[in-house]
Structures are given as C-alpha cells and as structure tokens.
file my_file_25.cif (mmCIF, C-alpha atoms and all ligand atoms)
data_upload
loop_
_atom_site.group_PDB
_atom_site.id
_atom_site.type_symbol
_atom_site.label_atom_id
_atom_site.label_comp_id
_atom_site.auth_asym_id
_atom_site.auth_seq_id
_atom_site.Cartn_x
_atom_site.Cartn_y
_atom_site.Cartn_z
ATOM 1 C CA MET A 1 0.847 -57.087 -43.580
ATOM 2 C CA LYS A 2 -2.323 -57.521 -41.550
ATOM 3 C CA PHE A 3 -3.814 -55.231 -38.926
ATOM 4 C CA PRO A 4 -6.215 -57.081 -36.562
ATOM 5 C CA LEU A 5 -9.654 -55.460 -36.391
ATOM 6 C CA ASP A 6 -12.538 -56.857 -34.301
ATOM 7 C CA HIS A 7 -12.981 -60.479 -35.405
ATOM 8 C CA GLY A 8 -11.086 -59.917 -38.669
ATOM 9 C CA TYR A 9 -8.249 -57.857 -40.130
ATOM 10 C CA LEU A 10 -7.270 -55.215 -42.653
ATOM 11 C CA ALA A 11 -4.433 -55.816 -45.128
ATOM 12 C CA TYR A 12 -1.985 -52.966 -45.560
ATOM 13 C CA ASP A 13 1.436 -51.854 -46.805
ATOM 14 C CA ARG A 14 3.842 -49.322 -45.373
ATOM 15 C CA ILE A 15 6.908 -48.171 -47.273
ATOM 16 C CA GLY A 16 9.238 -45.180 -47.170
ATOM 17 C CA HIS A 17 10.192 -42.463 -44.713
ATOM 18 C CA GLY A 18 8.956 -38.991 -43.906
ATOM 19 C CA LEU A 19 5.553 -37.358 -43.676
ATOM 20 C CA PRO A 20 2.868 -40.077 -43.459
ATOM 21 C CA LEU A 21 0.616 -40.206 -46.542
ATOM 22 C CA LEU A 22 -2.409 -42.496 -46.309
ATOM 23 C CA PHE A 23 -3.967 -43.685 -49.580
ATOM 24 C CA ILE A 24 -7.622 -44.807 -49.507
ATOM 25 C CA HIS A 25 -8.841 -46.667 -52.589
ATOM 26 C CA GLY A 26 -12.249 -46.555 -54.271
ATOM 27 C CA TYR A 27 -14.900 -49.174 -54.987
ATOM 28 C CA PRO A 28 -14.547 -52.043 -55.861
ATOM 29 C CA LEU A 29 -10.767 -51.768 -55.734
ATOM 30 C CA SER A 30 -7.882 -52.356 -53.326
ATOM 31 C CA ARG A 31 -4.556 -50.908 -52.197
ATOM 32 C CA LYS A 32 -2.995 -52.438 -55.309
ATOM 33 C CA ILE A 33 -4.129 -49.375 -57.274
ATOM 34 C CA TRP A 34 -1.447 -47.355 -55.476
ATOM 35 C CA GLN A 35 1.577 -49.379 -56.627
ATOM 36 C CA SER A 36 2.976 -46.557 -58.784
ATOM 37 C CA GLN A 37 2.562 -44.105 -55.911
ATOM 38 C CA ALA A 38 4.394 -46.449 -53.499
ATOM 39 C CA GLY A 39 7.182 -46.773 -56.075
ATOM 40 C CA GLY A 40 7.369 -43.091 -57.012
ATOM 41 C CA LEU A 41 6.744 -41.284 -53.737
ATOM 42 C CA SER A 42 8.256 -43.448 -50.982
ATOM 43 C CA ASN A 43 11.514 -41.477 -51.112
ATOM 44 C CA ILE A 44 9.706 -38.364 -49.855
ATOM 45 C CA ALA A 45 6.888 -39.751 -47.665
ATOM 46 C CA THR A 46 5.844 -42.761 -45.624
ATOM 47 C CA ILE A 47 3.325 -44.372 -47.940
ATOM 48 C CA LEU A 48 0.506 -46.145 -46.121
ATOM 49 C CA SER A 49 -2.157 -48.000 -48.065
ATOM 50 C CA LEU A 50 -4.826 -50.320 -46.753
ATOM 51 C CA ASP A 51 -7.554 -52.516 -48.180
ATOM 52 C CA LEU A 52 -10.894 -51.298 -46.851
ATOM 53 C CA ARG A 53 -12.999 -53.985 -45.177
ATOM 54 C CA GLY A 54 -14.379 -56.512 -47.677
ATOM 55 C CA HIS A 55 -11.935 -55.358 -50.380
ATOM 56 C CA GLY A 56 -8.671 -56.845 -51.652
ATOM 57 C CA GLU A 57 -7.044 -59.025 -49.002
ATOM 58 C CA SER A 58 -8.984 -57.620 -46.045
ATOM 59 C CA PHE A 59 -11.528 -59.668 -44.102
ATOM 60 C CA PRO A 60 -15.019 -59.799 -45.660
ATOM 61 C CA PHE A 61 -16.899 -58.214 -42.760
ATOM 62 C CA ASP A 62 -20.701 -58.259 -42.858
ATOM 63 C CA PRO A 63 -22.348 -55.268 -44.549
ATOM 64 C CA PRO A 64 -23.291 -52.431 -44.402
ATOM 65 C CA TYR A 65 -20.139 -50.256 -44.488
ATOM 66 C CA SER A 66 -21.068 -46.668 -43.727
ATOM 67 C CA MET A 67 -18.463 -44.062 -44.723
ATOM 68 C CA ASP A 68 -18.150 -43.275 -40.999
ATOM 69 C CA LEU A 69 -17.362 -46.929 -40.260
ATOM 70 C CA LEU A 70 -14.717 -47.061 -43.015
ATOM 71 C CA ALA A 71 -13.221 -43.800 -41.709
ATOM 72 C CA GLU A 72 -13.128 -45.204 -38.181
ATOM 73 C CA ASP A 73 -11.353 -48.314 -39.544
ATOM 74 C CA CYS A 74 -8.709 -46.011 -41.053
ATOM 75 C CA LYS A 75 -8.273 -44.127 -37.769
ATOM 76 C CA ARG A 76 -8.019 -47.343 -35.740
ATOM 77 C CA PHE A 77 -5.486 -48.658 -38.244
ATOM 78 C CA LEU A 78 -3.378 -45.478 -38.072
ATOM 79 C CA ASP A 79 -3.467 -45.382 -34.282
ATOM 80 C CA GLY A 80 -2.810 -49.129 -34.078
ATOM 81 C CA ILE A 81 0.343 -49.043 -36.184
ATOM 82 C CA GLY A 82 1.584 -46.021 -34.242
ATOM 83 C CA THR A 83 1.290 -43.345 -36.928
ATOM 84 C CA GLN A 84 1.725 -39.965 -35.350
ATOM 85 C CA GLY A 85 -0.565 -37.352 -36.864
ATOM 86 C CA PRO A 86 -0.906 -35.001 -38.487
ATOM 87 C CA LEU A 87 -0.715 -36.713 -41.851
ATOM 88 C CA VAL A 88 -1.805 -36.310 -45.455
ATOM 89 C CA VAL A 89 -4.809 -38.341 -46.625
ATOM 90 C CA CYS A 90 -5.418 -39.080 -50.304
ATOM 91 C CA GLY A 91 -8.830 -40.599 -51.090
ATOM 92 C CA LEU A 92 -9.944 -41.781 -54.518
ATOM 93 C CA SER A 93 -13.660 -41.767 -55.344
ATOM 94 C CA MET A 94 -15.299 -43.750 -52.504
ATOM 95 C CA GLY A 95 -11.990 -43.195 -50.715
ATOM 96 C CA GLY A 96 -12.768 -39.477 -51.033
ATOM 97 C CA TYR A 97 -16.154 -40.008 -49.366
ATOM 98 C CA VAL A 98 -14.263 -41.791 -46.557
ATOM 99 C CA THR A 99 -11.769 -38.899 -46.384
ATOM 100 C CA PHE A 100 -14.650 -36.447 -45.840
ATOM 101 C CA ALA A 101 -15.967 -38.653 -42.999
ATOM 102 C CA LEU A 102 -12.488 -38.796 -41.463
ATOM 103 C CA TYR A 103 -12.056 -35.019 -41.712
ATOM 104 C CA ARG A 104 -15.492 -34.380 -40.224
ATOM 105 C CA LYS A 105 -14.495 -36.282 -37.083
ATOM 106 C CA TYR A 106 -10.723 -35.718 -36.890
ATOM 107 C CA PRO A 107 -9.885 -32.412 -38.636
ATOM 108 C CA HIS A 108 -6.761 -31.863 -36.517
ATOM 109 C CA PHE A 109 -5.338 -35.151 -37.759
ATOM 110 C CA PHE A 110 -4.898 -33.677 -41.256
ATOM 111 C CA ARG A 111 -1.705 -31.994 -42.440
ATOM 112 C CA GLY A 112 -3.165 -32.018 -45.938
ATOM 113 C CA MET A 113 -5.847 -33.600 -48.070
ATOM 114 C CA ILE A 114 -5.800 -34.918 -51.631
ATOM 115 C CA LEU A 115 -9.184 -35.585 -53.200
ATOM 116 C CA THR A 116 -8.989 -37.549 -56.410
ATOM 117 C CA SER A 117 -11.733 -38.702 -58.803
ATOM 118 C CA THR A 118 -14.330 -37.879 -56.183
ATOM 119 C CA ARG A 119 -17.298 -35.632 -55.448
ATOM 120 C CA ALA A 120 -18.910 -33.954 -52.440
ATOM 121 C CA ALA A 121 -22.578 -34.499 -53.332
ATOM 122 C CA ALA A 122 -24.636 -37.416 -52.054
ATOM 123 C CA ASP A 123 -26.337 -39.864 -54.427
ATOM 124 C CA SER A 124 -29.358 -38.574 -56.342
ATOM 125 C CA SER A 125 -32.552 -40.627 -56.000
ATOM 126 C CA GLU A 126 -31.730 -42.249 -59.347
ATOM 127 C CA GLY A 127 -28.212 -42.984 -58.053
ATOM 128 C CA LYS A 128 -29.659 -44.629 -54.935
ATOM 129 C CA THR A 129 -31.941 -46.788 -57.074
ATOM 130 C CA ASN A 130 -28.944 -47.842 -59.172
ATOM 131 C CA ARG A 131 -27.100 -48.883 -55.993
ATOM 132 C CA ASP A 132 -30.056 -51.130 -55.092
ATOM 133 C CA VAL A 133 -30.043 -52.645 -58.578
ATOM 134 C CA SER A 134 -26.300 -53.350 -58.258
ATOM 135 C CA ILE A 135 -26.810 -54.941 -54.815
ATOM 136 C CA LYS A 136 -29.372 -57.315 -56.325
ATOM 137 C CA THR A 137 -27.044 -58.013 -59.265
ATOM 138 C CA VAL A 138 -24.082 -58.971 -57.096
ATOM 139 C CA LEU A 139 -26.224 -61.154 -54.825
ATOM 140 C CA ASP A 140 -27.821 -62.933 -57.802
ATOM 141 C CA GLN A 141 -24.924 -63.072 -60.271
ATOM 142 C CA GLY A 142 -21.703 -62.461 -58.356
ATOM 143 C CA VAL A 143 -18.839 -59.965 -58.487
ATOM 144 C CA PRO A 144 -17.764 -60.621 -62.146
ATOM 145 C CA LYS A 145 -21.092 -59.242 -63.387
ATOM 146 C CA ILE A 146 -20.520 -56.003 -61.457
ATOM 147 C CA VAL A 147 -16.945 -55.760 -62.695
ATOM 148 C CA ASP A 148 -17.925 -56.284 -66.330
ATOM 149 C CA GLY A 149 -20.522 -53.517 -65.987
ATOM 150 C CA MET A 150 -18.046 -51.062 -64.492
ATOM 151 C CA LEU A 151 -14.842 -51.821 -66.405
ATOM 152 C CA PRO A 152 -15.835 -50.045 -69.666
ATOM 153 C CA LYS A 153 -16.320 -46.772 -67.741
ATOM 154 C CA VAL A 154 -13.321 -46.797 -65.448
ATOM 155 C CA ALA A 155 -10.537 -45.611 -67.781
ATOM 156 C CA SER A 156 -9.976 -43.064 -70.559
ATOM 157 C CA PRO A 157 -10.335 -43.960 -74.258
ATOM 158 C CA LEU A 158 -6.535 -43.803 -74.592
ATOM 159 C CA THR A 159 -6.021 -46.264 -71.759
ATOM 160 C CA TYR A 160 -8.366 -48.821 -73.373
ATOM 161 C CA SER A 161 -6.568 -48.598 -76.725
ATOM 162 C CA ALA A 162 -2.955 -48.142 -75.613
ATOM 163 C CA LYS A 163 -2.733 -49.991 -72.286
ATOM 164 C CA PRO A 164 -4.780 -53.234 -72.427
ATOM 165 C CA GLY A 165 -2.481 -54.808 -69.821
ATOM 166 C CA LEU A 166 -3.391 -52.069 -67.354
ATOM 167 C CA VAL A 167 -7.103 -52.616 -68.002
ATOM 168 C CA ASP A 168 -6.596 -56.346 -67.277
ATOM 169 C CA SER A 169 -4.859 -55.500 -64.007
ATOM 170 C CA ILE A 170 -7.725 -53.204 -62.984
ATOM 171 C CA ARG A 171 -10.180 -56.006 -63.765
ATOM 172 C CA ASN A 172 -8.221 -58.463 -61.612
ATOM 173 C CA ILE A 173 -8.060 -56.001 -58.721
ATOM 174 C CA MET A 174 -11.833 -55.499 -58.918
ATOM 175 C CA LEU A 175 -12.474 -59.246 -59.028
ATOM 176 C CA GLN A 176 -10.724 -59.652 -55.655
ATOM 177 C CA THR A 177 -13.552 -57.752 -53.929
ATOM 178 C CA SER A 178 -15.837 -60.027 -51.905
ATOM 179 C CA VAL A 179 -19.623 -60.101 -52.388
ATOM 180 C CA LYS A 180 -19.961 -58.711 -48.851
ATOM 181 C CA GLY A 181 -17.505 -55.959 -49.762
ATOM 182 C CA VAL A 182 -19.500 -54.955 -52.829
ATOM 183 C CA VAL A 183 -22.801 -54.982 -50.940
ATOM 184 C CA GLY A 184 -21.350 -53.187 -47.914
ATOM 185 C CA ALA A 185 -19.768 -50.432 -49.991
ATOM 186 C CA LEU A 186 -22.855 -49.957 -52.169
ATOM 187 C CA GLN A 187 -25.073 -49.600 -49.103
ATOM 188 C CA GLY A 188 -22.624 -47.197 -47.494
ATOM 189 C CA MET A 189 -22.276 -45.035 -50.610
ATOM 190 C CA ARG A 190 -26.049 -45.024 -51.159
ATOM 191 C CA ASP A 191 -26.660 -43.751 -47.634
ATOM 192 C CA ARG A 192 -23.711 -41.352 -47.359
ATOM 193 C CA PRO A 193 -24.371 -37.729 -46.410
ATOM 194 C CA ASP A 194 -23.870 -34.782 -48.712
ATOM 195 C CA SER A 195 -20.446 -33.306 -47.875
ATOM 196 C CA SER A 196 -20.976 -30.003 -49.746
ATOM 197 C CA ALA A 197 -21.456 -28.035 -46.516
ATOM 198 C CA LEU A 198 -18.135 -29.379 -45.217
ATOM 199 C CA LEU A 199 -16.113 -27.927 -48.116
ATOM 200 C CA PRO A 200 -15.954 -24.255 -46.998
ATOM 201 C CA THR A 201 -14.919 -25.418 -43.499
ATOM 202 C CA ILE A 202 -11.837 -27.331 -44.660
ATOM 203 C CA THR A 203 -8.777 -25.514 -43.318
ATOM 204 C CA CYS A 204 -5.943 -27.908 -44.187
ATOM 205 C CA PRO A 205 -4.076 -27.513 -47.504
ATOM 206 C CA THR A 206 -6.071 -29.378 -50.147
ATOM 207 C CA LEU A 207 -5.271 -30.630 -53.623
ATOM 208 C CA VAL A 208 -7.925 -31.917 -56.023
ATOM 209 C CA ILE A 209 -6.714 -34.210 -58.826
ATOM 210 C CA HIS A 210 -9.079 -35.367 -61.559
ATOM 211 C CA GLY A 211 -8.796 -37.185 -64.881
ATOM 212 C CA ALA A 212 -9.989 -35.045 -67.797
ATOM 213 C CA ASP A 213 -11.838 -38.057 -69.245
ATOM 214 C CA ASP A 214 -13.416 -39.432 -66.065
ATOM 215 C CA GLN A 215 -16.658 -41.130 -67.170
ATOM 216 C CA ILE A 216 -17.797 -42.050 -63.648
ATOM 217 C CA ILE A 217 -17.424 -38.660 -61.942
ATOM 218 C CA PRO A 218 -17.263 -35.862 -64.545
ATOM 219 C CA LEU A 219 -14.544 -33.215 -64.241
ATOM 220 C CA ARG A 220 -17.129 -30.478 -63.605
ATOM 221 C CA GLU A 221 -17.938 -32.089 -60.224
ATOM 222 C CA ALA A 222 -14.283 -31.760 -59.194
ATOM 223 C CA GLU A 223 -14.226 -28.142 -60.422
ATOM 224 C CA LEU A 224 -17.291 -27.366 -58.327
ATOM 225 C CA MET A 225 -15.817 -29.107 -55.278
ATOM 226 C CA GLN A 226 -12.463 -27.337 -55.595
ATOM 227 C CA SER A 227 -14.124 -23.921 -55.992
ATOM 228 C CA GLN A 228 -15.682 -24.345 -52.550
ATOM 229 C CA ILE A 229 -12.577 -25.431 -50.605
ATOM 230 C CA PRO A 230 -10.645 -22.344 -49.452
ATOM 231 C CA GLY A 231 -7.144 -22.094 -50.906
ATOM 232 C CA SER A 232 -7.341 -25.436 -52.724
ATOM 233 C CA HIS A 233 -5.936 -26.234 -56.168
ATOM 234 C CA LEU A 234 -7.133 -28.461 -58.995
ATOM 235 C CA VAL A 235 -4.789 -30.458 -61.205
ATOM 236 C CA THR A 236 -6.475 -31.958 -64.266
ATOM 237 C CA ILE A 237 -4.716 -35.006 -65.687
ATOM 238 C CA PRO A 238 -5.053 -35.280 -69.478
ATOM 239 C CA GLN A 239 -5.812 -38.616 -71.146
ATOM 240 C CA ALA A 240 -6.875 -40.137 -67.846
ATOM 241 C CA GLY A 241 -10.196 -41.445 -66.629
ATOM 242 C CA HIS A 242 -11.396 -42.438 -63.156
ATOM 243 C CA LEU A 243 -8.053 -44.027 -62.212
ATOM 244 C CA ALA A 244 -5.685 -41.199 -63.148
ATOM 245 C CA ASN A 245 -3.120 -42.439 -60.627
ATOM 246 C CA MET A 246 -2.777 -45.698 -62.589
ATOM 247 C CA GLU A 247 -3.371 -44.344 -66.090
ATOM 248 C CA GLN A 248 -0.924 -41.409 -65.892
ATOM 249 C CA PRO A 249 1.200 -42.222 -62.829
ATOM 250 C CA GLU A 250 4.040 -39.805 -63.635
ATOM 251 C CA LEU A 251 1.679 -36.819 -63.949
ATOM 252 C CA PHE A 252 -0.246 -37.880 -60.863
ATOM 253 C CA ASN A 253 2.912 -38.353 -58.788
ATOM 254 C CA HIS A 254 4.294 -35.041 -60.003
ATOM 255 C CA ALA A 255 1.173 -33.265 -58.720
ATOM 256 C CA VAL A 256 1.398 -35.042 -55.348
ATOM 257 C CA ARG A 257 5.126 -34.354 -55.078
ATOM 258 C CA ASP A 258 4.592 -30.621 -55.737
ATOM 259 C CA PHE A 259 1.808 -30.525 -53.149
ATOM 260 C CA LEU A 260 3.896 -32.331 -50.510
ATOM 261 C CA SER A 261 6.808 -29.957 -51.077
ATOM 262 C CA THR A 262 4.532 -27.084 -49.964
ATOM 263 C CA LEU A 263 3.850 -28.872 -46.661
ATOM 264 C CA LEU A 264 7.434 -29.542 -45.560
HETATM 265 C C1 LIG A 301 -15.601 -45.519 -56.805
HETATM 266 O O1 LIG A 301 -14.796 -45.554 -57.749
HETATM 267 O O2 LIG A 301 -15.223 -45.557 -55.627
HETATM 268 C C2 LIG A 301 -17.070 -45.474 -57.104
HETATM 269 O O3 LIG A 301 -17.274 -45.531 -58.469
HETATM 270 C C3 LIG A 301 -17.714 -44.260 -56.532
HETATM 271 C C4 LIG A 301 -19.198 -44.252 -56.723
HETATM 272 O O4 LIG A 301 -19.762 -45.199 -57.274
HETATM 273 O O5 LIG A 301 -19.822 -43.259 -56.298
#
call {"tool": "encode", "arguments": {"input": "my_file_25.cif", "output": "structure tokens", "more": "lines below"}}
Ligand code: MLT
result
Amino acid sequence: MKFPLDHGYLAYDRIGHGLPLLFIHGYPLSRKIWQSQAGGLSNIATILSLDLRGHGESFPFDPPYSMDLLAEDCKRFLDGIGTQGPLVVCGLSMGGYVTFALYRKYPHFFRGMILTSTRAAADSSEGKTNRDVSIKTVLDQGVPKIVDGMLPKVASPLTYSAKPGLVDSIRNIMLQTSVKGVVGALQGMRDRPDSSALLPTITCPTLVIHGADDQIIPLREAELMQSQIPGSHLVTIPQAGHLANMEQPELFNHAVRDFLSTLL
C-alpha cells in the first residue's frame, strides 16, 4: 500500500490485530526485512512496516534525510493511517537512530521500544569521513558498489555458509534502494546527534536485541546502551549478525513475543 507524503509517497504494509507494532528498517534496506516478523507476530499485534523515503518501494525524495525528518515521516504515516498511540516501535540499526529521534519528540506515543542492532553514539570523525567516501562511491559507481561493500559484513559466518539464499535476498533488498536514498541516509546518519544522554531518560519498557556476531555494530555497544536505559533488558541472539531478525527469526520473534506479553 502507499501513503501519500508531500509530492511523493511511502510504501507500507499493515497486517494483524492488537497492539500496534511499528517496524523501522535500517540502511540500505526496506520493509521486506520484516517478513518473518509479519508472519510470526501478526496474531498478537498489528504489524506496521514502512519503507523509509528513498528505500524499497518508497518515493526517491531528494536528500538529505535527517533522522528527525525520517522520524517525522513515521509520525505522519502513523497519524495518516489512523493508528491510535501509544504503540511499540522496533528500530533496526538506522531504524534505531530514527526511533531515538521519534522518542525525543513524542515520548508519550511509546508503549514500548525495541532497539535492535543499533547504537546510541554518533559517528566518530573517522565514521563521518567514511560516510563521505560512500556518498562519492554511490554517486560515481552506483548502488551495487555500495551493496557489494556492505554485504560481506551484514550477516554472521553461519548465515553465509548455511543460508546462501537468505544472503541473496538481503542483496536484492539492498539493491532496491535508490541513489538518492543511499545519499540521503548517509548524510542523515553522518550528521545525527549522539543519543547517549537520552538513554537514562527513557521511561517506556525497552528491549534491546542484538546478534552475537554483529560485524557492523559490535555487541558491546548494545550492552553499553542497555546498561543506561532504566529497567531495560538485552537479548543476545546466537549465530546472528546485523540482521538477527532475518538470520534467526524464531529466536528474534520469541524475544519480541515475550516482551509484548509484558505490555498487555
Ligand atoms: C544500518 O544497518 O542501518 C547501518 O549500517 C547503520 C550505520 O551505518 O550506522
């Protein structure tokens, strides 16, 4: 389905009944990463997933995409389709950065928060330089070059050896991202604020889920983040990398299901 936004639109899916649960994907991905969650959790929650601007089937809006802008897109989408808050928001990686921006502005909209494969810190100066290098790469050589650079780091060693079909699917999802989407997200992530000071102020129930073998955001960053959010819990998913929800969907869904049962 498509939600009209300014001169474009956002693509989204809605399935199931019950407490609304919004899934926000990472970079350069799309709502397709949440297929196992839609299948496994729609009997206990209303599963909402959208493609962020420039990603998946959403309109390739002009960059840059600040995390605040992406969060505002999510809020406009939720209001526009008539979702009554409060709801649970689950953000993966860049989706986690967007979740922090959403919480900063609309804390009362949250019934709960799930932070997966993400971090609170801003980019280091080396990280910012790498974003600029990637922006030049995508402008000069296109999205496939970015995808081929990122794909070897996105999953766990087990996933590469045992699930080549899944790795192919991840590659195809990444390839759907537009050049504007890649540039917009890279600029937004490069310039995002440090959310560390927000962590002790989070009052909604919070679950942190992280793959033990995440090569993009190491587990210790999730441990640090979780230790600063009052009352939060960390679930570590074994034999999973940056996309634990796709690599070990049963374990991931089990953790989400347990968390949701505490909110009902
Ligand atoms: C993501 O998966 O969203 C990105 O890898 C996050 C990042 O590059 O900081």
call {"tool": "residues_around", "arguments": {"input": "my_file_25.cif", "residues": "Ala155 in chain A", "least_positions_apart": "2", "cutoff": "6 Å", "atoms": "only C-alpha atoms", "output": "short mmCIF file (atom, residue, chain, number, x, y, z; two decimals) with C-alpha atoms, in the frame of the given file"}}
result
data_model
loop_
_atom_site.label_atom_id
_atom_site.label_comp_id
_atom_site.auth_asym_id
_atom_site.auth_seq_id
_atom_site.Cartn_x
_atom_site.Cartn_y
_atom_site.Cartn_z
CA LYS A 153 -16.32 -46.77 -67.74
CA GLY A 241 -10.20 -41.44 -66.63
CA HIS A 242 -11.40 -42.44 -63.16
#
call {"tool": "residues_near_ligand", "arguments": {"input": "my_file_25.cif", "ligand": "ligand LIG 301 (chain A)", "cutoff": "7 Å", "atoms": "only C-alpha atoms and all ligand atoms", "output": "mmCIF file with C-alpha atoms, in the coordinates of the input"}}
result
data_model
loop_
_atom_site.group_PDB
_atom_site.id
_atom_site.type_symbol
_atom_site.label_atom_id
_atom_site.label_comp_id
_atom_site.auth_asym_id
_atom_site.auth_seq_id
_atom_site.Cartn_x
_atom_site.Cartn_y
_atom_site.Cartn_z
ATOM 1 C CA GLY A 26 -12.249 -46.555 -54.271
ATOM 2 C CA TYR A 27 -14.900 -49.174 -54.987
ATOM 3 C CA PRO A 28 -14.547 -52.043 -55.861
ATOM 4 C CA LEU A 92 -9.944 -41.781 -54.518
ATOM 5 C CA SER A 93 -13.660 -41.767 -55.344
ATOM 6 C CA MET A 94 -15.299 -43.750 -52.504
ATOM 7 C CA GLY A 95 -11.990 -43.195 -50.715
ATOM 8 C CA MET A 189 -22.276 -45.035 -50.610
ATOM 9 C CA ILE A 216 -17.797 -42.050 -63.648
#
call {"tool": "residues_near_point", "arguments": {"input": "my_file_25.cif", "point": "(-30.6, -49.4, -53.1)", "cutoff": "12 Å", "atoms": "all atoms listed in the file", "output": "list in words"}}
result
Pro64, Asp123, Ser124, Ser125, Glu126, Gly127, Lys128, Thr129, Asn130, Arg131, Asp132, Val133, Ser134, Ile135, Lys136, Thr137, Val183, Gly184, Ala185, Leu186, Gln187, Gly188, Met189, Arg190 and Asp191 of chain A
call {"tool": "resolve_selection", "arguments": {"input": "my_file_25.cif", "expression": "the PyMOL selection byres (((chain A and resi 1) around 7) and not hetatm)", "output": "list in words"}}
result
Lys2, Phe3, Ala11, Tyr12 and Asp13 of chain A
call {"tool": "closest_residue", "arguments": {"input": "my_file_25.cif", "among": "A:Leu10, A:Val138, A:Val167, A:Met113", "to": "Gly96 in chain A", "atoms": "all atoms listed in the file"}}
result
A:Met113
call {"tool": "closest_residue", "arguments": {"input": "my_file_25.cif", "among": "A:Thr46, A:Met225, A:Leu199, A:Leu175", "to": "Pro144 in chain A", "atoms": "all atoms listed in the file"}}
result
A:Leu175
call {"tool": "residues_around", "arguments": {"input": "my_file_25.cif", "residues": "Asp258 in chain A", "least_positions_apart": "5", "cutoff": "12 Å", "atoms": "only C-alpha atoms", "output": "PyMOL selection string"}}
result
chain A and resi 41+44+114+207+233+235+251-253+263-264
call {"tool": "residues_around", "arguments": {"input": "my_file_25.cif", "residues": "Phe59 in chain A", "least_positions_apart": "5", "cutoff": "12 Å", "atoms": "all atoms listed in the file", "output": "list in words"}}
result
Lys2, Phe3, Pro4, Leu5, Asp6, His7, Gly8, Tyr9, Leu10, Ala11, Tyr12, Leu50, Asp51, Leu52, Arg53, Gly54, Gln176, Thr177, Ser178, Val179, Lys180 and Gly181 of chain A
call {"tool": "write_last_selection", "arguments": {"input": "my_file_25.cif", "atoms": "C-alpha atoms", "output": "tab-separated table (two decimals), in the coordinates of the input"}}
result
chain	number	residue	atom	x	y	z
A	2	LYS	CA	-2.32	-57.52	-41.55
A	3	PHE	CA	-3.81	-55.23	-38.93
A	4	PRO	CA	-6.22	-57.08	-36.56
A	5	LEU	CA	-9.65	-55.46	-36.39
A	6	ASP	CA	-12.54	-56.86	-34.30
A	7	HIS	CA	-12.98	-60.48	-35.40
A	8	GLY	CA	-11.09	-59.92	-38.67
A	9	TYR	CA	-8.25	-57.86	-40.13
A	10	LEU	CA	-7.27	-55.22	-42.65
A	11	ALA	CA	-4.43	-55.82	-45.13
A	12	TYR	CA	-1.98	-52.97	-45.56
A	50	LEU	CA	-4.83	-50.32	-46.75
A	51	ASP	CA	-7.55	-52.52	-48.18
A	52	LEU	CA	-10.89	-51.30	-46.85
A	53	ARG	CA	-13.00	-53.98	-45.18
A	54	GLY	CA	-14.38	-56.51	-47.68
A	176	GLN	CA	-10.72	-59.65	-55.66
A	177	THR	CA	-13.55	-57.75	-53.93
A	178	SER	CA	-15.84	-60.03	-51.90
A	179	VAL	CA	-19.62	-60.10	-52.39
A	180	LYS	CA	-19.96	-58.71	-48.85
A	181	GLY	CA	-17.50	-55.96	-49.76
call {"tool": "resolve_selection", "arguments": {"input": "my_file_25.cif", "expression": "the PyMOL selection byres (((chain A and resi 223) around 10) and not hetatm)", "output": "list in words"}}
result
Arg119, Val208, Ile209, His210, Pro218, Leu219, Arg220, Glu221, Ala222, Leu224, Met225, Gln226, Ser227, Gln228, His233, Leu234, Val235 and Thr236 of chain A
call {"tool": "atom_distance", "arguments": {"input": "my_file_25.cif", "atom1": "CA of Pro60 in chain A", "atom2": "CA of Gly142 in chain A"}}
result
14.6 Å
call {"tool": "atom_distance", "arguments": {"input": "my_file_25.cif", "atom1": "CA of Val88 in chain A", "atom2": "CA of Arg104 in chain A"}}
result
14.8 Å
call {"tool": "closest_residue", "arguments": {"input": "my_file_25.cif", "among": "A:Leu198, A:Val154, A:Ala121, A:Ala162", "to": "Ala101 in chain A", "atoms": "only C-alpha atoms"}}
result
A:Leu198
call {"tool": "decode", "arguments": {"input": "my_file_25.cif", "residues": "range 101-134 of chain A", "atoms": "C-alpha atoms", "output": "CSV table (one decimal), in the first residue's frame"}}
result
chain,number,residue,atom,x,y,z
A,101,ALA,CA,14.5,10.8,17.2
A,102,LEU,CA,10.9,9.8,17.4
A,103,TYR,CA,11.1,9.2,21.2
A,104,ARG,CA,12.9,12.6,21.7
A,105,LYS,CA,9.9,14.4,20.2
A,106,TYR,CA,6.9,12.1,21.0
A,107,PRO,CA,7.8,10.1,24.2
A,108,HIS,CA,4.1,9.7,25.1
A,109,PHE,CA,3.5,7.9,21.9
A,110,PHE,CA,5.5,4.9,23.1
A,111,ARG,CA,4.0,1.9,24.8
A,112,GLY,CA,7.4,0.2,24.4
A,113,MET,CA,10.6,0.3,22.5
A,114,ILE,CA,12.7,-2.4,20.8
A,115,LEU,CA,16.2,-1.4,19.8
A,116,THR,CA,17.9,-3.9,17.6
A,117,SER,CA,21.4,-4.0,16.0
A,118,THR,CA,21.8,-0.3,16.9
A,119,ARG,CA,23.8,2.1,19.0
A,120,ALA,CA,23.3,5.4,20.8
A,121,ALA,CA,26.6,7.1,19.9
A,122,ALA,CA,27.0,9.5,17.0
A,123,ASP,CA,29.6,8.8,14.2
A,124,SER,CA,33.2,9.3,15.1
A,125,SER,CA,35.2,11.6,12.9
A,126,GLU,CA,36.5,8.6,11.0
A,127,GLY,CA,33.0,7.3,10.6
A,128,LYS,CA,31.9,10.7,9.2
A,129,THR,CA,34.7,10.6,6.7
A,130,ASN,CA,33.7,7.0,5.7
A,131,ARG,CA,30.1,8.3,5.0
A,132,ASP,CA,31.6,11.0,2.7
A,133,VAL,CA,33.6,8.3,0.9
A,134,SER,CA,30.5,6.2,0.5
